[in-house]
Amino acid sequence: MRRFRGALASAAALLVVATACSTDDSVDDPPASGDNQSEAGSDTDWFVQEDFDRQDEQRSATFEGDPSKPYLQYIDGEMTDTSKFKVNGPQKVCFANASISNPWRQTGWITMNQQLKVLQDKGVISEMETRDAQDDDNTQLSDIDYFIKEANCDAFVISPNSTAAMTPAVEDACKTGKPVVVFDRGVETDCATTFIHPIGGYAWGIDTANFLVDHLEEGDHVVALRILPGVDVLETRWAAAKKIFDENGIDATDYFTGADPTKIKEIITDELTKGEVDGVWMDAGDGAVAAIEAFEDQGVDYPVITGEDEMSFLRKWKETGLTGLAPVYSNFQWRTPLLALEKIFKGEPVPKEWVLPQVPITEDERDEFLEANEGMPDGHYAKFGGEDLPGYPEVWQERRIP
Amino acid sequence: MSAPVETRPHREIPAHQGGLGYRFAAAVATPGGAVFLLAIGLLVATMVANENFADPGVVVRFLGRTAPIAIAAMGQYFVIVSGEFDLSMAAVVTTQVVMAGNLIGQDEGRIVPVTCLMLLVGAGIGLVNGLATTILRVPSFIVTLGTMLALAGLVRYLTGGAATGNPVDSFREIGRGGIEDVPVVEVLPYPLLIFLALAVYAQWLMRRPFGRSLIAAGDNPNAATLSGTPLWWVKTRAFILSSLSATIAGIILVGYAGVHPKVGEGYEFAAITAVVLGGVLLGGGRGWVLSAACGAFALELLFTLLTVLDVESTWRDTVQGLIIIAAVAVAGRAWTVGRKPRGGRGARRTEPLGSTTNQPTQGPITGDN
């Protein structure tokens with residue numbers, strides 16, 4: 001048997017050599033394909049201490065504006081002068097969307113469309129033409145190209161599919177001299193009129209990892225479930241969490257799940273067979289229920305778990321009484337781009353980098369959010385921020401996707 | 001069917017030579033047999049790497065959760081052995097998962113009618129695949145790719161690409177539960193029982209005229225037609241079986257994992273890989289249905305072994321891919337070894353001829369027609 005293991009080990013070593021060589025191939029990829037980030041798979045490439053520290057501070061920063069309208073709050077900083085964009089009458093907005101392929105984006109998309117109705121009624125926006133890139137960089141590049149050349153847009157809203165690949169397209173949009181609003185995932189240019197996003201991935205990682213560290217002991221084992229590599233907002237969540245786990249002697253094993261609950265359940269089951277699992281960390285809560293069910297099926301104690309403000313997780317959390325935290329990647333940010341355009345069309349200044357609040361839901365607040373969102377489907381996000389929009393709550397309850 | 005007496009009437013086919021022990025060894029030496037050794041090897045390796053996996057309860061649970069992919073692999077086997085492909089499998093699984101979530105919801109009374117509807121939809125998709133392949137003569141690769149896209153689009157349209165909610169728990173028991181308090185193994189998962197029943201059924205089916213014609217259709221469609229096989233109907237039935245197996249896999253997966261549009265993702269390739277790993281010839285005409293199922297277990301064991309060995313998440317796919325290629329390459333060699341007749345003059349020289357005339361169309365284990 002030892003010989004067999006030896007053979008296995010040497011086979012694995014061979015594979016390691018083989019794969020190490022093969023990653024060089026990605027250099028041949030055209031720069032626009034978006035795969036050029038994949039070689040930066042190791043955590044250090046996604047970790048920038050400066051960003052970590054800034055976001056760590058921003059977690060306790062004071063936000064300007066009315067706290068009852070978190071989608072309009074921002075951290076005081078550089079403002080963009082938009083007087084040159086001042087116009088009268090309804091404008092046509094063009095929206096290049098990365099995708100609506102996960103419940104978070106769906107919820108936001110519904111909210112955005114209800115916000116659009118309000119602004120159409122107010123005569124701010126005439127119409128919004130949307131192209132869905134279906135998670136494909138190349139599709140989004142051609143979508144933006146079409147908007148610039150043929151769609152007669154008065155303003156652009158871009159939710160980039162990936163960071164590096166969309167940078168040139170956003171720059172092209174800026175060159176048209178019309179307002180460009182980027183939100184959610186970032187790009188490597190600051191030419192946009194405003195870049196809207198919650199505090200960020202590091203803050204998520206810090207909130208969640210600190211929570212796990214507080215509730216676990218040194219040497220405890222955490223399984224980290226990650227959706228996919230190469231997306232900045234997800235990579236930075238893990239980079240920050242990993243750093244904190246390492247510093248506090250938490251043993252964390254990470255997996256890519258593609259958000260497939262079958263995979264999540266299999267991974268947890270295998271990890272439980274291997275040994276104890278004291279905590280579960282997720283870079284997005286989609287699939288948290290499957291992870292919790294794996295513990296139930298094995299008949300072992302619930303772990304300490306960080307999910308997300310998705311209803312399915314909040315409900316399961318309450319039902320099981322486990323120790324948990326729901327970090328929030330503020331879904332209400334989907335309202336902000338259109339509201340930003342309203343300001344821009346009026347010539348009012350907007351923050352150059354519009355940092356929205358990002359506050360996790362703790363156990364104390366959980367029931368309040370469950371009550372407020374009663375009747376919402378499992379894929380709904382508690383902090384969707386559309387309570388004052390027309391169609392509430394039916395549109396979100398029935399999940400009418402435009 | 002092959003006619004072993006055509007050219008060399010006096011030579012026995014290899015599978016019929018020697019005693020039981022020899023025949024067993026010969027069977028293991030074919031890819032269809034070798035996959036069982038591979039699976040056992042992987043299982044032992046996993047157990048050695050972490051002794052907790054040696055617990056019978058753990059093994060049975062593992063078999064239970066692997067049941068849906070094994071069922072899908074058996075379905076894919078029917079199509080592949082007849083010389084076609086079914087790429088629509090994953091999309092069928094996802095469609096059924098979403099249907100179960102949306103149509104059953106929290107209403108127990110709907111379980112039976114919706115399950116019937118799901119089976120009907122499954123059979124319908126298979127029928128379309130089969131007829132388009134055989135009557136319209138569109139290559140199955142393209143037909144099923146088309147069905148895949150059509151279904152994926154439909155799911156996207158219905159759900160917008162995200163989960164709505166799980167069906168009622170009693171329905172999910174099919175994939176989540178099992179018979180409790182069983183001695184030694186603690187629990188017998190329902191998925192495993194479903195798999196075992198289907199495996200017996202599939203094996204029986206392959207011994208029926210239908211199974212024989214199916215292999216003949218994959219081996220030599222012209223000969224099969226000339227000998228009176230209704231090619232279109234045989235192949236269409238294979239597609240229906242494939243879609244139905246995907247449907248059953250879907251029903252189990254809704255229970256196991258819950259509703260999510262990602263459930264079933266990659267199933268078509270996992271099933272095809274399992275079938276090839278099971279030594280079934282791509283292009284058809286050769287292979288054993290239970291080897292395909294065993295291929296699925298071997299594949300899943302490989303994934304588990306990588307987890308046990310703590311292979312870095314960033315590498316896993318690469319490592320998996322390379323091991324699969326290596327395994328299939330080794331299995332391919334096994335065919336040449338396995339079909340070598342014992343002794344006999346000029347055995348090596350007559351190999352090419354022997355491979356078409358002397359080889360039973362299934363692995364020697366079942367080759368005693």
# chains A, B, ... in the order shown; residues from 1 in each chain; ligands from 1

$ interface_residues --of "chain A" --to "chain B" --cutoff "7 Å" --atoms "only C-alpha atoms" --output "list of chain:residue names"
A:Leu15, A:Thr19, A:Ile100, A:Ser101, A:Asn102, A:Pro103, A:Asp254, A:Tyr255, A:Phe256, A:Ala259, A:Asp260, A:Pro261, A:Thr262, A:Lys265, A:Asp270, A:Thr273, A:Lys274, A:Ala290, A:Pro377, A:Asp378, A:Gly379, A:Ile401

$ write_last_selection --atoms "N, CA and C atoms" --output "PDB file, in the first residue's frame"
ATOM      1  N   LEU A  15       1.980  15.771 -12.251  1.00  0.00           N
ATOM      2  CA  LEU A  15       0.874  16.615 -12.686  1.00  0.00           C
ATOM      3  C   LEU A  15       1.142  18.063 -12.311  1.00  0.00           C
ATOM      4  N   THR A  19       1.086  21.027 -14.923  1.00  0.00           N
ATOM      5  CA  THR A  19       0.163  22.154 -14.892  1.00  0.00           C
ATOM      6  C   THR A  19       0.912  23.467 -14.738  1.00  0.00           C
ATOM      7  N   ILE A 100     -27.807  38.547 -15.473  1.00  0.00           N
ATOM      8  CA  ILE A 100     -28.752  38.407 -14.355  1.00  0.00           C
ATOM      9  C   ILE A 100     -28.797  36.934 -13.966  1.00  0.00           C
ATOM     10  N   SER A 101     -27.608  36.320 -13.936  1.00  0.00           N
ATOM     11  CA  SER A 101     -27.564  34.871 -13.775  1.00  0.00           C
ATOM     12  C   SER A 101     -27.437  34.429 -12.329  1.00  0.00           C
ATOM     13  N   ASN A 102     -27.539  35.302 -11.380  1.00  0.00           N
ATOM     14  CA  ASN A 102     -27.607  34.840 -10.000  1.00  0.00           C
ATOM     15  C   ASN A 102     -28.683  35.639  -9.272  1.00  0.00           C
ATOM     16  N   PRO A 103     -29.182  35.082  -8.175  1.00  0.00           N
ATOM     17  CA  PRO A 103     -30.327  35.723  -7.516  1.00  0.00           C
ATOM     18  C   PRO A 103     -30.026  37.144  -7.048  1.00  0.00           C
ATOM     19  N   ASP A 254     -10.107  26.026   1.105  1.00  0.00           N
ATOM     20  CA  ASP A 254     -11.049  26.652   0.176  1.00  0.00           C
ATOM     21  C   ASP A 254     -11.349  25.777  -1.039  1.00  0.00           C
ATOM     22  N   TYR A 255     -12.576  25.934  -1.541  1.00  0.00           N
ATOM     23  CA  TYR A 255     -13.047  25.178  -2.707  1.00  0.00           C
ATOM     24  C   TYR A 255     -13.791  26.107  -3.643  1.00  0.00           C
ATOM     25  N   PHE A 256     -13.750  25.802  -4.936  1.00  0.00           N
ATOM     26  CA  PHE A 256     -14.617  26.491  -5.885  1.00  0.00           C
ATOM     27  C   PHE A 256     -15.842  25.625  -6.143  1.00  0.00           C
ATOM     28  N   ALA A 259     -21.261  27.755  -7.295  1.00  0.00           N
ATOM     29  CA  ALA A 259     -22.573  27.962  -6.664  1.00  0.00           C
ATOM     30  C   ALA A 259     -23.509  26.770  -6.873  1.00  0.00           C
ATOM     31  N   ASP A 260     -22.948  25.618  -7.263  1.00  0.00           N
ATOM     32  CA  ASP A 260     -23.765  24.423  -7.473  1.00  0.00           C
ATOM     33  C   ASP A 260     -23.991  23.733  -6.119  1.00  0.00           C
ATOM     34  N   PRO A 261     -25.250  23.695  -5.666  1.00  0.00           N
ATOM     35  CA  PRO A 261     -25.500  23.119  -4.336  1.00  0.00           C
ATOM     36  C   PRO A 261     -25.089  21.652  -4.235  1.00  0.00           C
ATOM     37  N   THR A 262     -25.129  20.921  -5.352  1.00  0.00           N
ATOM     38  CA  THR A 262     -24.689  19.523  -5.324  1.00  0.00           C
ATOM     39  C   THR A 262     -23.227  19.456  -4.909  1.00  0.00           C
ATOM     40  N   LYS A 265     -22.636  20.464  -1.260  1.00  0.00           N
ATOM     41  CA  LYS A 265     -23.003  19.417  -0.321  1.00  0.00           C
ATOM     42  C   LYS A 265     -21.967  18.298  -0.306  1.00  0.00           C
ATOM     43  N   ASP A 270     -17.620  15.408   2.402  1.00  0.00           N
ATOM     44  CA  ASP A 270     -16.275  14.829   2.417  1.00  0.00           C
ATOM     45  C   ASP A 270     -15.426  15.431   3.530  1.00  0.00           C
ATOM     46  N   THR A 273     -16.353  13.951   6.737  1.00  0.00           N
ATOM     47  CA  THR A 273     -15.829  12.605   6.898  1.00  0.00           C
ATOM     48  C   THR A 273     -14.352  12.658   7.270  1.00  0.00           C
ATOM     49  N   LYS A 274     -13.635  13.599   6.664  1.00  0.00           N
ATOM     50  CA  LYS A 274     -12.203  13.735   6.946  1.00  0.00           C
ATOM     51  C   LYS A 274     -11.961  14.096   8.407  1.00  0.00           C
ATOM     52  N   ALA A 290     -27.687  24.544   1.204  1.00  0.00           N
ATOM     53  CA  ALA A 290     -27.149  23.221   0.886  1.00  0.00           C
ATOM     54  C   ALA A 290     -26.004  22.884   1.840  1.00  0.00           C
ATOM     55  N   PRO A 377     -39.569  35.646  -2.031  1.00  0.00           N
ATOM     56  CA  PRO A 377     -39.035  34.317  -2.369  1.00  0.00           C
ATOM     57  C   PRO A 377     -37.641  34.092  -1.780  1.00  0.00           C
ATOM     58  N   ASP A 378     -37.215  32.829  -1.784  1.00  0.00           N
ATOM     59  CA  ASP A 378     -35.933  32.465  -1.185  1.00  0.00           C
ATOM     60  C   ASP A 378     -34.755  33.209  -1.793  1.00  0.00           C
ATOM     61  N   GLY A 379     -34.842  33.515  -3.091  1.00  0.00           N
ATOM     62  CA  GLY A 379     -33.708  34.148  -3.762  1.00  0.00           C
ATOM     63  C   GLY A 379     -33.659  35.657  -3.579  1.00  0.00           C
ATOM     64  N   ILE A 401     -39.332  39.279 -13.529  1.00  0.00           N
ATOM     65  CA  ILE A 401     -38.079  39.729 -14.117  1.00  0.00           C
ATOM     66  C   ILE A 401     -38.348  40.342 -15.484  1.00  0.00           C
TER      67      ILE A 401
END

$ select_by_dssp --residues "range 138-292 of chain B" --states "strand (DSSP E or B)" --output "PyMOL selection string"
chain B and resi 178-182+186-189

$ residues_around --residues "range 105-118 of chain A" --least-positions-apart "4" --cutoff "9 Å" --atoms "only C-alpha atoms" --output "PDB file with C-alpha atoms, in the first residue's frame"
ATOM      1  CA  SER A  99     -25.723  39.248 -16.421  1.00  0.00           C
ATOM      2  CA  ILE A 100     -28.752  38.407 -14.355  1.00  0.00           C
ATOM      3  CA  SER A 101     -27.564  34.871 -13.775  1.00  0.00           C
ATOM      4  CA  LYS A 122     -40.717  62.210 -13.536  1.00  0.00           C
ATOM      5  CA  GLY A 123     -39.575  62.843 -17.110  1.00  0.00           C
ATOM      6  CA  VAL A 124     -35.886  62.308 -16.335  1.00  0.00           C
ATOM      7  CA  ILE A 125     -35.361  59.216 -18.475  1.00  0.00           C
ATOM      8  CA  GLU A 127     -36.146  54.914 -22.052  1.00  0.00           C
ATOM      9  CA  MET A 128     -33.461  52.514 -20.930  1.00  0.00           C
ATOM     10  CA  ASN A 331     -28.153  45.036  -3.210  1.00  0.00           C
ATOM     11  CA  PHE A 332     -29.725  48.496  -3.091  1.00  0.00           C
ATOM     12  CA  GLN A 333     -26.779  49.722  -5.154  1.00  0.00           C
ATOM     13  CA  TRP A 334     -28.837  48.779  -8.231  1.00  0.00           C
ATOM     14  CA  ARG A 335     -31.006  51.849  -7.619  1.00  0.00           C
ATOM     15  CA  THR A 336     -28.110  54.240  -7.343  1.00  0.00           C
ATOM     16  CA  PRO A 337     -26.902  54.431 -10.992  1.00  0.00           C
ATOM     17  CA  LEU A 338     -30.214  55.804 -12.254  1.00  0.00           C
ATOM     18  CA  LEU A 339     -30.523  58.186  -9.320  1.00  0.00           C
ATOM     19  CA  GLY A 379     -33.708  34.148  -3.762  1.00  0.00           C
ATOM     20  CA  HIS A 380     -34.640  37.636  -2.564  1.00  0.00           C
ATOM     21  CA  TYR A 381     -32.081  39.800  -0.731  1.00  0.00           C
ATOM     22  CA  PHE A 384     -32.720  45.262  -1.566  1.00  0.00           C
ATOM     23  CA  GLY A 385     -33.785  48.765  -0.587  1.00  0.00           C
ATOM     24  CA  GLY A 386     -36.858  49.114  -2.797  1.00  0.00           C
ATOM     25  CA  LEU A 389     -40.800  52.027  -5.036  1.00  0.00           C
ATOM     26  CA  PRO A 390     -43.997  51.373  -6.994  1.00  0.00           C
ATOM     27  CA  GLY A 391     -45.016  47.740  -7.218  1.00  0.00           C
ATOM     28  CA  TYR A 392     -43.723  46.928  -3.730  1.00  0.00           C
ATOM     29  CA  VAL A 395     -43.150  42.779  -8.012  1.00  0.00           C
ATOM     30  CA  TRP A 396     -40.420  41.330  -5.791  1.00  0.00           C
ATOM     31  CA  ARG A 399     -40.087  37.996  -8.906  1.00  0.00           C
ATOM     32  CA  ARG A 400     -41.262  39.554 -12.150  1.00  0.00           C
ATOM     33  CA  ILE A 401     -38.079  39.729 -14.117  1.00  0.00           C
ATOM     34  CA  PRO A 402     -38.365  42.305 -16.905  1.00  0.00           C
TER      35      PRO A 402
ATOM     36  CA  GLY B 160     -34.086  34.315 -15.008  1.00  0.00           C
ATOM     37  CA  GLY B 161     -31.206  32.054 -14.049  1.00  0.00           C
ATOM     38  CA  ALA B 162     -31.716  31.868 -10.305  1.00  0.00           C
TER      39      ALA B 162
END

$ atom_distance --atom1 "CA of Gly285 in chain B" --atom2 "CA of Val234 in chain B"
13.3 Å

$ atom_distance --atom1 "CA of Ile248 in chain B" --atom2 "CA of Arg315 in chain A"
28.9 Å

$ closest_residue --among "A:Glu171, A:Glu57, A:Asp51, A:Glu78" --to "Pro351 in chain A" --atoms "only C-alpha atoms"
A:Glu78

$ residues_around --residues "range 67-82 of chain B" --least-positions-apart "2" --cutoff "8 Å" --atoms "only C-alpha atoms" --output "PyMOL selection string"
chain B and resi 63-65+84-86+89+191-192+194-195+198-199+202+214-219+235+238-239+241-246+248-250+252-253+267+270-272+274-275+280-287+289-290+292-297

$ write_last_selection --atoms "C-alpha atoms" --output "JSON list (two decimals), in the first residue's frame"
[["chain", "number", "residue", "atom", "x", "y", "z"],
["B", 63, "LEU", "CA", -22.63, 5.48, -3.17],
["B", 64, "GLY", "CA", -25.97, 7.11, -2.50],
["B", 65, "ARG", "CA", -24.87, 10.56, -3.51],
["B", 84, "GLU", "CA", -24.72, 8.54, -30.91],
["B", 85, "PHE", "CA", -24.24, 11.26, -28.27],
["B", 86, "ASP", "CA", -26.63, 12.92, -25.87],
["B", 89, "MET", "CA", -28.55, 15.53, -20.50],
["B", 191, "PRO", "CA", -30.97, 7.05, -4.38],
["B", 192, "LEU", "CA", -28.79, 3.97, -4.01],
["B", 194, "ILE", "CA", -33.20, 3.46, -7.12],
["B", 195, "PHE", "CA", -29.81, 3.04, -8.76],
["B", 198, "LEU", "CA", -32.30, 0.66, -12.52],
["B", 199, "ALA", "CA", -28.99, -1.17, -12.87],
["B", 202, "ALA", "CA", -30.61, -1.84, -17.59],
["B", 214, "LEU", "CA", -28.78, -1.47, -29.94],
["B", 215, "ILE", "CA", -25.22, -2.76, -29.88],
["B", 216, "ALA", "CA", -25.55, -4.03, -33.41],
["B", 217, "ALA", "CA", -26.78, -0.60, -34.50],
["B", 218, "GLY", "CA", -23.70, 0.99, -32.99],
["B", 219, "ASP", "CA", -21.33, -1.66, -34.27],
["B", 235, "LYS", "CA", -31.95, 4.56, -31.48],
["B", 238, "ALA", "CA", -32.03, 4.85, -26.56],
["B", 239, "PHE", "CA", -32.52, 8.63, -26.54],
["B", 241, "LEU", "CA", -33.96, 6.10, -22.02],
["B", 242, "SER", "CA", -31.22, 8.69, -21.77],
["B", 243, "SER", "CA", -33.60, 11.59, -21.15],
["B", 244, "LEU", "CA", -35.58, 9.51, -18.67],
["B", 245, "SER", "CA", -32.42, 8.67, -16.76],
["B", 246, "ALA", "CA", -31.58, 12.38, -16.68],
["B", 248, "ILE", "CA", -34.62, 10.48, -12.56],
["B", 249, "ALA", "CA", -31.21, 11.97, -11.79],
["B", 250, "GLY", "CA", -32.96, 15.35, -11.63],
["B", 252, "ILE", "CA", -32.87, 12.72, -6.93],
["B", 253, "LEU", "CA", -30.82, 15.90, -7.19],
["B", 267, "TYR", "CA", -23.72, 16.32, -16.24],
["B", 270, "ALA", "CA", -19.52, 13.78, -16.56],
["B", 271, "ALA", "CA", -21.81, 11.08, -17.96],
["B", 272, "ILE", "CA", -19.87, 10.78, -21.22],
["B", 274, "ALA", "CA", -17.99, 7.98, -17.00],
["B", 275, "VAL", "CA", -19.13, 5.94, -19.99],
["B", 280, "VAL", "CA", -17.49, 1.81, -23.67],
["B", 281, "LEU", "CA", -16.31, 2.57, -27.16],
["B", 282, "LEU", "CA", -17.17, 6.10, -28.32],
["B", 283, "GLY", "CA", -18.80, 5.50, -31.66],
["B", 284, "GLY", "CA", -20.72, 2.57, -30.32],
["B", 285, "GLY", "CA", -20.95, -1.16, -30.64],
["B", 286, "ARG", "CA", -18.96, -2.17, -27.61],
["B", 287, "GLY", "CA", -19.16, -1.92, -23.85],
["B", 289, "VAL", "CA", -23.78, -0.93, -19.17],
["B", 290, "LEU", "CA", -22.67, -1.65, -15.61],
["B", 292, "ALA", "CA", -20.52, 2.76, -17.45],
["B", 293, "ALA", "CA", -22.16, 3.03, -14.04],
["B", 294, "CYS", "CA", -18.92, 1.94, -12.41],
["B", 295, "GLY", "CA", -17.12, 4.60, -14.43],
["B", 296, "ALA", "CA", -19.33, 7.18, -12.71],
["B", 297, "PHE", "CA", -18.41, 5.83, -9.29]]
